[in-house]
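Heads up: the structure comes next, in structure tokens.
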Amino acid sequence: MAAQWDAEVKVDEALVVQLLASRFPEFAGRPCRRIGEGWDCSAWLVDDEWVFRIPRRQLGADCLANEIRVLPSVADRLPSPVSTSVFVGQPTDGYPWVFAACRLILGESACDADLTDQQTVLLAGQLGSFLRALHAFGADEAATLGAMPDTYARLESSRRCSKAREAMTQAAESGLLSTTDELCRVIEEIEDRQPRPRTHCLVHGDLCSRHVMTEPGRLTGVIDWGDIHVGDPAVDLAVGWSMFAADARSEFCAAYGPMDRNTRDLAVMRAIGHSLSCLLYAGDVNDRQLRLESQKALQRAICE
């Protein structure tokens, strides 16, 4: 059975070279190598400076178009760099979608970085401050910038808790989880409180350790903004539960500001659901580092 992250178009070096020659001849013949691949896009570093994101499926193309529309109006008001598109390539006869390039953001993803406890605390505070600045774009202003509402019900608790249970079962059957008891307990407690999302502000929409770039002790940028939308801040605040243990999470929350119980419940629910999805993806594509990080994320999420 096809997985939701399966590619509709194979993005290999031959295609990238063809796209560059067709749409950006100034890059023709320049060094080019793949530096990452996710559910939606393949990322290629060209000339050691430009990251070209090439959609692998229609949903990725839709997300990239969303990012291209909104992010340039936001970037200058954020305290750290973001992956704003500088070059936008139009479809060709051999490729059906828009693709784009941003400048390379230095550092490595927090998923891959081997940070000390002290460096993690520093990163947590900087990420909390970053999200405070992002969420300062209120719903009305975000809409005028072209941000759309959440059409995927990312924080609809009954639906997401049900999907989390399905993912837990699948992960356990695949040997990716040894026990689900604590996860089930936390999900049940959240369901009992029935948290409800509110449309407050502009949000990244898919914030996780893979999209947080860092050098030891410093946030260097946030990437992959295809899910940017007007929604509840909890969808981003979930990163505080999936990325950080208690000490670092306290720093994250202090830097961000007050959160009510409803927001915390939604953030924990999102952290669990997103981490389970990443865990299943990691198992399917045999990504050992993401599998380990996703397993750690689930442990962090259930420890208040």
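Every chain in the structure tokens takes a letter, A first, then B, and so on in the order presented; its residues are numbered from 1, and the ligands are numbered from 1 following the presented order.
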
What are the closest atom pairs, with distances in Å to one decimal, for each residue of segment 85-157 of chain A lying within 10 Å of segment 46-62 of chain A, using only C-alpha atoms, rows by chain and rising residue number, as a tab-separated table?
```
residue	atom	partner	partner_atom	distance
A:Ser85	CA	A:Phe52	CA	9.0
A:Val86	CA	A:Trp50	CA	9.1
A:Phe87	CA	A:Phe52	CA	8.6
A:Val88	CA	A:Phe52	CA	9.2
A:Gly89	CA	A:Phe52	CA	9.6
A:Tyr95	CA	A:Pro55	CA	9.8
A:Pro96	CA	A:Gln58	CA	9.0
A:Trp97	CA	A:Ala61	CA	6.1
A:Val98	CA	A:Ala61	CA	6.6
A:Phe99	CA	A:Ile54	CA	5.1
A:Ala100	CA	A:Phe52	CA	5.5
A:Ala101	CA	A:Phe52	CA	4.1
A:Cys102	CA	A:Val51	CA	5.4
A:Arg103	CA	A:Trp50	CA	4.7
A:Leu104	CA	A:Glu49	CA	5.3
A:Ile105	CA	A:Glu49	CA	8.8
A:Leu106	CA	A:Glu49	CA	9.8
```

Based on the selection just made, write C-alpha atoms of those residues as a tab-separated table (two decimals), in the first residue's frame.
```tsv
chain	number	residue	atom	x	y	z
A	85	SER	CA	12.67	32.07	-1.63
A	86	VAL	CA	14.93	34.26	-3.77
A	87	PHE	CA	14.61	32.35	-7.04
A	88	VAL	CA	11.31	30.89	-8.24
A	89	GLY	CA	11.32	28.52	-11.19
A	95	TYR	CA	8.27	18.90	-14.76
A	96	PRO	CA	4.79	20.04	-13.64
A	97	TRP	CA	5.36	22.36	-10.66
A	98	VAL	CA	6.94	25.56	-9.41
A	99	PHE	CA	10.23	25.10	-7.55
A	100	ALA	CA	12.30	27.61	-5.59
A	101	ALA	CA	15.63	28.42	-3.97
A	102	CYS	CA	16.68	30.21	-0.81
A	103	ARG	CA	20.11	31.03	0.57
A	104	LEU	CA	21.69	28.26	2.61
A	105	ILE	CA	21.14	28.77	6.34
A	106	LEU	CA	24.26	27.79	8.25
```

Using only C-alpha atoms, which residues sit within 9 Å of Ser250 of chain A once same-chain residues fewer than 6 positions away are excluded, as a compact mmCIF listing (two decimals) with C-alpha atoms, in the first residue's frame?
```txt
# COMPACT_ATOMS: atom_id res chain seq x y z
CA VAL A 121 18.72 25.23 27.09
CA ALA A 124 15.18 26.53 23.74
CA GLY A 125 15.14 30.13 24.93
CA GLY A 240 8.66 22.73 23.16
CA PHE A 244 13.04 19.73 24.97
```

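The spacing separating atom CA of Gly205 of chain A from atom CA of Thr220 of chain A amounts to 19.0 Å.
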
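Coordinates place atom CA of Ile187 of chain A at a distance of 12.3 Å from atom CA of Glu166 of chain A.
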
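Residues of segment 96-182 of chain A assigned to strand (DSSP E) by DSSP on this structure's backbone: Phe99, Ala100, Ala101, Cys102, Arg103, Glu108 and Ser109 of chain A.
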
Residue subset to file, keeping C-alpha atoms, as a PDB file, in the first residue's frame:
```
ATOM      1  CA  PHE A  99      10.227  25.100  -7.546  1.00  0.00           C
ATOM      2  CA  ALA A 100      12.298  27.614  -5.589  1.00  0.00           C
ATOM      3  CA  ALA A 101      15.628  28.424  -3.967  1.00  0.00           C
ATOM      4  CA  CYS A 102      16.679  30.212  -0.810  1.00  0.00           C
ATOM      5  CA  ARG A 103      20.110  31.029   0.572  1.00  0.00           C
ATOM      6  CA  GLU A 108      22.642  21.699  11.042  1.00  0.00           C
ATOM      7  CA  SER A 109      19.184  20.593  11.988  1.00  0.00           C
TER       8      SER A 109
END
```

Need to verify the contact set: Gly175 of chain A, 12 Å, only C-alpha atoms, exclusion of same-chain residues closer than 3 positions in sequence. Can you return it as a ChimeraX atom specification? /A:168-172,178-180,279-280,283-284,291,295

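Nearest to Ala43 of chain A of all the residues A:Asp224, A:Asp232, A:Asp181, A:Glu188 is A:Asp224, counting only C-alpha atoms.
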
Neighbours of segment 154-156 of chain A within 10 Å (only C-alpha atoms; same-chain residues fewer than 5 positions away dropped), as an MDAnalysis selection string? chainID A and resid 161 194:198 205:206 231:232 234:235 266:267 269:270 273:274
